[in-house]
>>> print(open('work03.txt').read())   # compact mmCIF, C-alpha atoms and all ligand atoms
# COMPACT_ATOMS: atom_id res chain seq x y z
CA MET A 1 79.85 142.52 297.02
CA TRP A 2 82.89 140.35 297.57
CA ARG A 3 81.85 138.18 294.59
CA TYR A 4 83.91 140.88 292.79
CA SER A 5 86.94 140.34 295.01
CA SER A 6 89.14 139.87 291.94
CA VAL A 7 88.72 143.61 291.26
CA LEU A 8 88.91 144.67 294.93
CA PRO A 9 91.96 144.86 297.22
CA ASP A 10 93.23 141.42 298.17
CA VAL A 11 92.72 141.58 301.95
CA LYS A 12 90.45 139.88 304.49
CA PRO A 13 87.13 141.71 304.38
CA VAL A 14 85.18 143.23 307.24
CA THR A 15 81.77 142.16 306.00
CA LEU A 16 78.20 142.29 307.21
CA GLY A 17 76.70 140.86 304.02
CA GLU A 18 76.69 144.01 301.87
CA GLY A 19 75.91 144.08 298.17
CA TRP A 20 74.20 141.81 295.61
CA THR A 21 71.01 143.72 296.24
CA PRO A 22 67.78 142.96 294.33
CA MET A 23 67.19 144.36 290.85
CA LEU A 24 63.41 144.63 290.89
CA PRO A 25 61.47 144.99 287.65
CA SER A 26 58.76 147.63 287.96
CA ARG A 27 55.21 146.30 287.89
CA ARG A 28 54.07 149.18 285.72
CA PHE A 29 56.97 150.21 283.49
CA PRO A 30 58.31 147.21 281.52
CA ASN A 31 61.79 148.68 280.99
CA VAL A 32 62.34 150.09 284.46
CA PHE A 33 64.38 148.29 287.13
CA LEU A 34 64.76 149.42 290.70
CA LYS A 35 68.08 148.63 292.34
CA GLU A 36 67.03 148.11 295.96
CA GLU A 37 69.99 149.26 298.03
CA GLY A 38 67.82 149.31 301.13
CA ALA A 39 68.63 145.59 301.38
CA ASN A 40 72.18 146.39 302.51
CA PRO A 41 73.36 146.30 306.14
CA THR A 42 72.32 149.62 307.77
CA SER A 43 69.74 149.82 304.95
CA THR A 44 71.70 151.95 302.50
CA PHE A 45 74.28 151.71 299.73
CA LYS A 46 76.72 153.49 302.06
CA ALA A 47 77.47 150.01 303.42
CA ARG A 48 79.49 149.15 300.29
CA GLY A 49 81.92 152.05 300.58
CA LEU A 50 82.32 151.81 304.32
CA ALA A 51 82.77 148.03 304.25
CA LEU A 52 85.77 148.49 301.99
CA ALA A 53 87.12 151.59 303.74
CA VAL A 54 86.96 149.90 307.16
CA THR A 55 88.44 146.71 305.70
CA MET A 56 91.45 148.71 304.52
CA ALA A 57 91.63 150.73 307.73
CA ARG A 58 91.89 147.49 309.69
CA HIS A 59 94.42 146.15 307.20
CA TYR A 60 96.62 149.23 307.74
CA GLY A 61 96.18 149.10 311.52
CA LEU A 62 94.24 152.36 311.89
CA LYS A 63 92.50 152.72 315.25
CA LYS A 64 90.36 155.85 315.02
CA LEU A 65 88.28 156.86 312.03
CA ALA A 66 86.35 160.11 311.62
CA VAL A 67 83.66 160.91 309.08
CA PRO A 68 81.54 163.90 308.13
CA SER A 69 78.17 162.60 307.00
CA ALA A 70 74.67 163.54 305.94
CA GLY A 71 73.60 160.62 308.19
CA ASN A 72 73.75 157.27 306.43
CA ALA A 73 77.52 157.11 305.98
CA ALA A 74 77.80 157.74 309.72
CA GLY A 75 75.50 154.81 310.45
CA ALA A 76 77.44 152.55 308.08
CA LEU A 77 80.81 153.58 309.51
CA ALA A 78 79.49 153.01 313.03
CA ALA A 79 78.42 149.46 312.12
CA TYR A 80 81.59 148.40 310.28
CA ALA A 81 83.87 150.05 312.84
CA ALA A 82 82.06 148.11 315.57
CA ALA A 83 82.56 144.90 313.57
CA ALA A 84 86.26 145.68 313.14
CA GLY A 85 86.90 146.87 316.71
CA ILE A 86 87.86 150.37 315.54
CA GLU A 87 86.70 153.71 317.04
CA ALA A 88 84.23 155.68 314.90
CA HIS A 89 83.97 159.46 315.37
CA ILE A 90 81.02 160.75 313.45
CA PHE A 91 79.99 164.30 312.62
CA MET A 92 76.53 164.85 311.22
CA PRO A 93 73.88 167.60 311.14
CA LYS A 94 71.86 167.83 314.35
CA ASP A 95 68.62 167.26 312.42
CA VAL A 96 69.54 163.99 310.66
CA PRO A 97 66.73 161.41 310.38
CA PHE A 98 66.29 159.97 313.89
CA ALA A 99 67.31 156.48 312.73
CA ASN A 100 70.81 157.80 311.95
CA TYR A 101 71.18 159.03 315.51
CA VAL A 102 69.79 155.87 317.08
CA GLU A 103 71.94 153.50 314.99
CA ALA A 104 75.07 155.48 315.84
CA VAL A 105 74.24 155.24 319.56
CA VAL A 106 73.48 151.53 319.36
CA TYR A 107 76.72 150.76 317.47
CA GLY A 108 78.67 152.68 320.10
CA ALA A 109 80.10 155.43 317.88
CA LYS A 110 81.35 158.75 319.27
CA ILE A 111 78.68 161.13 318.05
CA ASN A 112 79.02 164.83 317.31
CA LEU A 113 75.79 166.54 316.24
CA ILE A 114 76.59 169.77 314.43
CA ASP A 115 74.50 172.88 313.96
CA GLY A 116 75.19 172.96 310.23
CA LEU A 117 75.52 170.75 307.16
CA ILE A 118 77.94 168.05 305.99
CA SER A 119 80.26 170.78 304.68
CA ASP A 120 80.57 172.18 308.24
CA CYS A 121 81.14 168.66 309.54
CA GLY A 122 83.93 168.19 306.98
CA ARG A 123 85.62 171.39 308.09
CA ILE A 124 85.55 170.35 311.74
CA VAL A 125 87.01 166.91 311.00
CA ALA A 126 89.79 168.52 308.92
CA GLU A 127 90.60 171.00 311.71
CA ARG A 128 90.72 168.43 314.51
CA LYS A 129 91.97 165.21 312.93
CA GLU A 130 95.68 165.74 313.43
CA LYS A 131 95.45 166.61 317.11
CA GLU A 132 92.96 163.80 317.81
CA GLY A 133 94.79 161.13 315.80
CA TRP A 134 91.79 160.42 313.56
CA PHE A 135 92.05 159.10 310.03
CA ASP A 136 89.68 161.14 307.84
CA ILE A 137 87.41 158.78 305.95
CA SER A 138 85.60 161.52 303.98
CA THR A 139 84.52 160.50 300.49
CA LEU A 140 87.19 160.90 297.82
CA LYS A 141 89.79 161.92 300.42
CA GLU A 142 90.61 158.23 300.80
CA PRO A 143 90.53 155.84 297.84
CA PHE A 144 88.43 152.93 299.05
CA ARG A 145 84.85 154.15 299.50
CA VAL A 146 84.63 154.73 295.76
CA GLU A 147 86.06 151.24 295.18
CA GLY A 148 83.29 149.75 297.31
CA LYS A 149 80.65 151.76 295.50
CA LYS A 150 81.91 150.69 292.10
CA THR A 151 80.45 147.26 292.83
CA MET A 152 77.03 148.79 292.09
CA GLY A 153 78.16 149.14 288.47
CA TYR A 154 79.38 145.53 288.29
CA GLU A 155 76.14 144.31 289.82
CA LEU A 156 73.79 146.21 287.61
CA VAL A 157 75.58 145.02 284.48
CA GLU A 158 75.67 141.40 285.71
CA GLN A 159 72.01 141.49 286.78
CA LEU A 160 71.00 142.76 283.34
CA GLY A 161 72.75 139.83 281.63
CA TRP A 162 76.17 141.54 281.28
CA GLU A 163 74.64 144.36 279.27
CA TYR A 164 74.44 148.08 279.84
CA PRO A 165 71.05 149.71 280.42
CA ASP A 166 70.26 152.90 278.49
CA ALA A 167 70.28 155.10 281.59
CA VAL A 168 71.12 154.99 285.29
CA PHE A 169 69.39 157.33 287.74
CA TYR A 170 71.49 158.13 290.75
CA PRO A 171 70.39 160.30 293.72
CA THR A 172 73.39 162.56 294.04
CA GLY A 173 74.92 164.19 297.07
CA GLY A 174 78.69 163.76 297.03
CA GLY A 175 78.35 161.71 293.83
CA VAL A 176 80.65 158.89 294.87
CA GLY A 177 78.38 156.14 293.57
CA LEU A 178 78.18 157.80 290.19
CA ILE A 179 81.94 158.17 290.00
CA GLY A 180 82.44 154.59 291.19
CA MET A 181 79.99 153.16 288.66
CA TRP A 182 81.64 155.03 285.80
CA LYS A 183 84.99 153.58 286.87
CA SER A 184 83.45 150.10 286.93
CA PHE A 185 82.32 150.51 283.32
CA SER A 186 85.92 151.16 282.20
CA GLU A 187 87.05 148.09 284.11
CA LEU A 188 84.22 145.91 282.76
CA GLU A 189 85.17 146.92 279.23
CA GLU A 190 88.85 146.30 279.84
CA LEU A 191 88.06 142.86 281.27
CA GLY A 192 85.67 142.06 278.42
CA TRP A 193 82.90 141.36 280.95
CA VAL A 194 80.28 143.56 279.30
CA ARG A 195 78.81 143.00 275.85
CA PRO A 196 80.05 145.77 273.57
CA GLY A 197 77.52 148.59 273.53
CA LYS A 198 76.98 152.18 274.44
CA ARG A 199 77.53 153.09 278.08
CA PRO A 200 74.42 154.26 279.94
CA ARG A 201 73.46 157.90 280.18
CA MET A 202 74.19 158.86 283.77
CA ILE A 203 71.42 160.91 285.38
CA ALA A 204 72.26 162.79 288.58
CA VAL A 205 69.16 163.47 290.60
CA GLN A 206 68.94 166.19 293.25
CA SER A 207 66.29 168.02 295.25
CA SER A 208 65.46 171.60 294.26
CA GLY A 209 66.20 172.47 297.91
CA CYS A 210 69.87 171.60 297.32
CA ALA A 211 70.90 171.24 293.69
CA PRO A 212 74.46 172.48 293.17
CA VAL A 213 75.28 169.85 290.52
CA ALA A 214 72.04 170.38 288.57
CA ARG A 215 72.66 174.13 288.56
CA ALA A 216 76.27 173.77 287.43
CA PHE A 217 75.21 171.32 284.70
CA GLU A 218 72.56 173.71 283.45
CA GLN A 219 75.01 176.60 283.42
CA GLY A 220 77.61 174.58 281.54
CA ALA A 221 80.04 175.06 284.43
CA ASN A 222 82.87 172.64 285.31
CA VAL A 223 82.49 173.02 289.07
CA SER A 224 79.55 173.75 291.36
CA GLN A 225 79.03 176.75 293.61
CA MET A 226 78.13 176.39 297.30
CA TRP A 227 74.32 176.07 297.58
CA GLN A 228 73.03 178.49 300.20
CA ASN A 229 70.39 177.47 302.78
CA ALA A 230 70.24 173.85 301.63
CA ALA A 231 66.99 172.26 302.80
CA THR A 232 65.28 169.03 301.72
CA PHE A 233 63.75 166.04 303.46
CA ALA A 234 65.94 163.87 301.21
CA ALA A 235 68.66 164.20 303.85
CA GLY A 236 71.36 162.39 301.84
CA LEU A 237 71.08 164.99 299.10
CA ARG A 238 71.90 167.89 301.43
CA VAL A 239 75.45 168.29 300.17
CA PRO A 240 75.84 171.98 299.30
CA LYS A 241 79.24 171.70 297.58
CA PRO A 242 80.30 168.19 296.58
CA TYR A 243 84.04 167.59 296.63
CA GLY A 244 83.94 165.51 293.43
CA ASP A 245 81.72 167.92 291.47
CA SER A 246 84.08 168.41 288.51
CA ILE A 247 84.52 164.63 288.03
CA MET A 248 80.75 164.15 288.16
CA LEU A 249 80.02 166.93 285.69
CA GLU A 250 82.52 165.45 283.25
CA ILE A 251 80.91 162.00 283.52
CA LEU A 252 77.40 163.39 283.04
CA ARG A 253 78.45 165.19 279.87
CA GLU A 254 80.56 162.33 278.49
CA SER A 255 77.69 159.88 278.98
CA GLY A 256 75.09 162.13 277.32
CA GLY A 257 73.29 162.31 280.66
CA VAL A 258 71.90 165.17 282.66
CA ALA A 259 71.67 166.52 286.20
CA LEU A 260 68.25 167.62 287.32
CA ALA A 261 66.39 168.67 290.44
CA VAL A 262 62.89 167.75 291.55
CA SER A 263 60.94 169.43 294.35
CA ASP A 264 60.28 167.83 297.73
CA GLU A 265 56.57 167.77 296.76
CA GLN A 266 57.38 165.72 293.63
CA ILE A 267 59.64 163.45 295.69
CA LEU A 268 56.93 162.81 298.27
CA ALA A 269 54.29 162.18 295.59
CA SER A 270 56.53 159.63 293.87
CA LEU A 271 57.40 157.97 297.20
CA VAL A 272 53.71 157.43 297.96
CA ASP A 273 53.02 156.37 294.36
CA TRP A 274 55.69 153.62 294.47
CA ALA A 275 54.56 152.45 297.89
CA ARG A 276 50.94 152.13 296.78
CA HIS A 277 51.49 150.69 293.30
CA GLU A 278 54.71 148.73 293.60
CA GLY A 279 54.79 147.78 297.30
CA ILE A 280 58.16 149.48 297.74
CA PHE A 281 58.83 152.01 300.49
CA LEU A 282 61.50 154.22 298.93
CA SER A 283 63.85 156.54 300.73
CA PRO A 284 63.24 160.19 299.79
CA GLU A 285 66.53 160.03 297.83
CA GLY A 286 65.26 157.01 295.87
CA ALA A 287 61.96 158.75 295.29
CA ALA A 288 63.91 161.65 293.76
CA ALA A 289 65.07 159.12 291.16
CA THR A 290 61.58 157.76 290.45
CA ALA A 291 60.17 161.30 290.24
CA SER A 292 62.95 162.26 287.82
CA TYR A 293 62.17 159.26 285.64
CA ASP A 294 58.56 160.47 285.31
CA HIS A 295 59.85 163.92 284.45
CA LEU A 296 62.37 162.79 281.80
CA LEU A 297 59.74 160.57 280.16
CA ALA A 298 57.36 163.53 280.02
CA THR A 299 60.00 165.80 278.45
CA GLY A 300 60.96 163.15 275.87
CA PHE A 301 64.58 162.96 277.10
CA LEU A 302 63.89 159.25 277.60
CA LYS A 303 61.43 156.94 275.87
CA SER A 304 59.40 154.21 277.51
CA GLU A 305 61.40 151.62 275.48
CA ASP A 306 64.64 152.77 277.13
CA ARG A 307 65.89 150.29 279.69
CA VAL A 308 66.68 152.19 282.85
CA VAL A 309 67.95 151.45 286.35
CA LEU A 310 66.70 153.66 289.18
CA PHE A 311 68.72 153.52 292.38
CA ASN A 312 66.80 153.37 295.62
CA THR A 313 69.87 154.18 297.65
CA GLY A 314 68.22 153.51 301.02
CA GLY A 315 65.27 151.82 302.68
CA GLY A 316 62.27 154.03 303.38
CA LEU A 317 61.90 152.71 306.90
CA LYS A 318 65.00 154.67 307.92
CA TYR A 319 63.01 157.85 307.34
CA THR A 320 59.74 157.38 309.17
CA ASP A 321 60.15 160.64 311.10
CA VAL A 322 60.99 162.87 308.13
CA THR A 323 58.52 161.19 305.79
CA ALA A 324 55.73 161.44 308.39
CA GLU A 325 56.56 165.10 308.86
CA ALA A 326 56.51 165.72 305.10
CA MET A 327 53.10 164.00 304.93
CA GLY A 328 51.78 165.91 307.96
CA LEU A 329 51.17 162.52 309.57
CA GLN A 330 50.62 161.98 313.26
CA ARG A 331 49.62 158.89 315.17
CA PRO A 332 45.85 159.13 315.71
CA ALA A 333 44.32 158.81 319.19
CA PRO A 334 42.96 155.30 319.91
CA GLN A 335 39.33 154.90 319.00
CA ALA A 336 38.10 153.20 322.14
C1 LIG B 401 70.12 157.40 300.94
C2 LIG B 401 71.16 158.24 300.27
N1 LIG B 401 71.07 158.42 298.94
C3 LIG B 401 71.98 159.16 298.27
C4 LIG B 401 73.01 159.81 298.92
C5 LIG B 401 74.01 160.58 298.13
O1 LIG B 401 75.14 159.79 297.96
P1 LIG B 401 76.48 160.31 297.33
O2 LIG B 401 77.09 161.17 298.39
O3 LIG B 401 77.30 159.10 297.03
O4 LIG B 401 76.12 161.08 296.12
C6 LIG B 401 73.14 159.66 300.31
C7 LIG B 401 74.23 160.32 301.03
O5 LIG B 401 74.23 160.49 302.22
C8 LIG B 401 72.19 158.85 300.99
O6 LIG B 401 72.29 158.65 302.31
>>> encode(input="work03.txt", output="structure tokens")
Amino acid sequence: MWRYSSVLPDVKPVTLGEGWTPMLPSRRFPNVFLKEEGANPTSTFKARGLALAVTMARHYGLKKLAVPSAGNAAGALAAYAAAAGIEAHIFMPKDVPFANYVEAVVYGAKINLIDGLISDCGRIVAERKEKEGWFDISTLKEPFRVEGKKTMGYELVEQLGWEYPDAVFYPTGGGVGLIGMWKSFSELEELGWVRPGKRPRMIAVQSSGCAPVARAFEQGANVSQMWQNAATFAAGLRVPKPYGDSIMLEILRESGGVALAVSDEQILASLVDWARHEGIFLSPEGAAATASYDHLLATGFLKSEDRVVLFNTGGGLKYTDVTAEAMGLQRPAPQA
């Protein structure tokens, strides 16, 4: 992502090779492109934000970082903190995908598994950070994660020949990628790096097991309400009350986009469909985007001629336990 260093802070990066991920044309839908963020270090787009946040933390001489996470941000922080020689204190739900636990252990992070959701993790970090001497690296409470994520907007425009697509589908938890991409569009226009044209409709995709932004959008509200009993196997979407909800809702409306929720059954069906017909093992969050595309085509909100980018925000192989459970899959006994 450092190919865009001219629009990033001018400091020596802590890098593991994040960004410039493939933009894969669909084999079945001529105007659909899948942005494969599973190709990042730690297999998710969270690498971009944490690469920049840890870069700046090292630049400022911070020694202990703490993060509340749905799982993948914790893994990314653990990796970049290890690379930078900084302590990572991570707080994540006790039932995160197993890969998130294992990666945190392997990278040597200080792990706190919480009987609750990311919102509970955020509260605990806020309560303890002063006494413990941690810098809180929660999304939108420091400025750099969103700067790292904005590189997704630069990349998608560059990879489409410096042109906007008609729509961008973004699996939304805290919404930082969506906010970062929208910021990148303003910058691209100011720099004259994008051919003049209409900005894409931004589509925030959630699971019906946790859809605070979709509900607020539908109700015409400017902020979301805490989603009770959030539950979905798309673990990254289990954010019951995103901190940046009002910014997201404004962007969705300004872009002529929409926020919508699909069920875990639809997500799983789309995940299997893309694996079998495209050879791509999506994360459940990415499969929420592909399922939503099918839905918005069926409703006529989008047409098949519309050029769209669907974000697969993580690699499916990080989710073998939760995906197997959703499929009711168990390893069979050997046959001989
Ligand atoms: C794979 C994946 N997709 C999407 C999201 C949601 O990202 P954001 O919080 O930027 O909306 C997450 C967050 O944990 C995630 O891990």
>>> closest_residue(input="work03.txt", among="A:Leu271, A:Ile90, A:Ala81, A:Ala288", to="ligand LIG 401 (chain B)", atoms="all atoms listed in the file")
A:Ala288
>>> residues_near_ligand(input="work03.txt", ligand="ligand LIG 401 (chain B)", cutoff="8 Å", atoms="all atoms listed in the file", output="number ranges by chain")
A: 44-46, 69-73, 139, 170-178, 234-239, 242, 283-286, 312-315
>>> closest_residue(input="work03.txt", among="A:Pro9, A:Ile251, A:Gly75, A:Phe233", to="A:Val106", atoms="all atoms listed in the file")
A:Gly75
>>> closest_residue(input="work03.txt", among="A:Ile203, A:Leu282, A:Ala289, A:Glu250", to="A:Gly220", atoms="all atoms listed in the file")
A:Glu250
>>> residues_near_point(input="work03.txt", point="(69.6, 150.8, 294.4)", cutoff="7 Å", atoms="only C-alpha atoms", output="PyMOL selection string")
chain A and resi 34-37+310-313
>>> closest_residue(input="work03.txt", among="A:Ala66, A:Ser270, A:Tyr4, A:Gln225", to="A:Lys129", atoms="only C-alpha atoms")
A:Ala66
>>> atom_distance(input="work03.txt", atom1="atom CA of A:Ser138", atom2="atom CA of A:Gly122")
7.5 Å
>>> closest_residue(input="work03.txt", among="A:Tyr80, A:Tyr154, A:Phe29, A:Tyr107", to="A:Ser184", atoms="all atoms listed in the file")
A:Tyr154
>>> residues_around(input="work03.txt", residues="A:Leu62", least_positions_apart="2", cutoff="10 Å", atoms="all atoms listed in the file", output="list in words")
Val54, Met56, Ala57, Arg58, His59, Tyr60, Lys64, Leu65, Ile86, Glu87, Gly133, Trp134 and Phe135 of chain A
>>> closest_residue(input="work03.txt", among="A:Gly61, A:Gly148, A:Gly116, A:Pro41", to="A:Ala230", atoms="all atoms listed in the file")
A:Gly116
>>> atom_distance(input="work03.txt", atom1="atom CA of A:Val157", atom2="atom CA of A:Ser255")
16.0 Å
>>> residues_around(input="work03.txt", residues="A:Val168", least_positions_apart="4", cutoff="10 Å", atoms="all atoms listed in the file", output="count of residues only")
21
>>> atom_distance(input="work03.txt", atom1="atom CA of A:Trp193", atom2="atom CA of A:Phe169")
22.0 Å
>>> residues_around(input="work03.txt", residues="A:Ala261", least_positions_apart="4", cutoff="6 Å", atoms="only C-alpha atoms", output="VMD selection string")
chain A and resid 205 to 208
